[in-house]
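Novice: Can you keep this structure in mind? I'll have questions shortly.
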Amino acid sequence: MIFATLEHILTHISFSIISIVIPTHLMTLVYEIVGLCDSSEKGMIATFLCITGLLVTRWIYSGHVPLSDLYESLMFLSWSFSLIHIVPYFRNYKSYFSTITAPSAILTQGFATSGLLTKMHQSAILVPALQSRWLMMHVSMMLLSYAALLCGSLLSITLLVITFKRNMDVIGKTKNFLMSAFSFDETQYLNVPLTNYHRYQLTQRLDHWSYRVIGLGFTLLTIGILSGAVWANEAWGSYWNWDPKETWAFITWTVFAIYLHTRTNKNLQGANSAIVASMGFLIIWICYFGVNLLGRGLHSYGSFTLNT
């Protein structure tokens with residue numbers, strides 16, 4: 001009872017903190033106030049510690065690693081987003097993840113604590129298939145990979161938005177060129193080269209960081225799939241069964257393998273590879289969440305039904 005109460009308190013504390021962090025961070029983007037920026041970073045650290053305490057508490061009173069159902073996996077995914085957020089902070093890197101990781105953490109945690117998954121809030125005895133030492137290895141690697149791949153994909157989507165806006169600006173300037181040709185005002189174009197330079201720098205950094213984060217996520221995904229294959233052989237007598245979850249995990253792996261392959265060709269870097277990563281964003285959600293809606297297959301214990 002004490003542990004359940006503690007878990008409930010930590011859940012609401014972490015959700016409340018991150019709800020404050022998001023508007024605070026948005027204010028720092030507009031006004032660039034150093035104090036607010038530091039406060040938002042410390043808020044994410046506090047959120048990370050609360051979710052860590054929540055998961056540890058649930059682990060202690062349930063007797064197994066809290067990765068057995070959709071509720072627990074969503075909380076771990078929220079923890080993963082918080083982890084990705086604070087790592088650059090402690091390494092003194094300029095983070096491009098803040099605008100992505102904080103909303104991602106609050107959305108996953110918000111859904112996990114919503115009324116839709118009420119039946120999963122109470123820890124239950126593991127089904128026989130999950131009573132294995134491979135549970136922590138496989139599921140944690142898969143969820144960490146999902147978090148990294150989602151963050152990298154969102155960076156690529158941001159890159160595409162900026163590139164699209166830049167192209168639209170170029171088209172607009174081309175249309176207005178003839179109209180302004182005979183009434184040229186040199187102050188009109190004074191800041192254009194500088195603006196384009198900063199925009200170019202931003203897209204290059206987004207491209208660089210999305211590649212690094214997706215590379216990390218792809219490595220974790222590979223480890224997760226391989227460990228899952230070994231576990232499947234022990235539990236079901238076969239390394240691969242083309243279960244819906246396994247099939248979509250393979251599709252996810254293939255999409256990001258294609259992304260990494262496009263990065264080896266300089267002509268395909270930037271917007272072209274970002275399109276592949278953007279497709280991967282949708283594929284990940286189908287693999288992680290969409291397949292659970294089916295409630296079929298060997299991974300059906302991760303499914304849920306909407307409470308009415």
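Convention: chains lettered A, B, ... in structure tokens order; per-chain residue numbering from 1; ligands numbered from 1 as shown.
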List as a list in words the protein and nucleic acid residues near stretch 100-110 of chain A, meaning an atom at most 6 Å away when only C-alpha atoms are counted, but skip any in the same chain fewer than 5 places from it.

Specialist: Leu74, Met75, Ser78, Phe81 and His85 of chain A

Novice: Check the DSSP output for the backbone and give back, as JSON, numbers by chain, the residues of stretch 127-158 of chain A in alpha helix (DSSP H).

Specialist: {"A": [134, 135, 136, 137, 138, 139, 140, 141, 142, 143, 144, 145, 146, 147, 148, 149, 150, 151, 152, 153, 154, 155, 156, 157, 158]}

Novice: Write out as a PyMOL selection string each polymer residue whose atoms come within 12 Å of A:Thr47, counting only C-alpha atoms; drop sequence neighbours fewer than 4 positions from it.

Specialist: chain A and resi 10-22+40-43+51-54+75+78-83+85-86+101-102+105-106+109

Novice: What is the distance, in Å and to one decimal place, between atom CA of A:Trp248 and atom CA of A:Phe289?

Specialist: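 It comes out at 10.8 Å.
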
Novice: Which of these residues is nearest to A:Ala229, using only C-alpha atoms: A:Ile125, A:Met137, A:Ile9, A:Leu49?

Specialist: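 When distances to A:Ala229 are compared using only C-alpha atoms, the smallest one comes from A:Met137.
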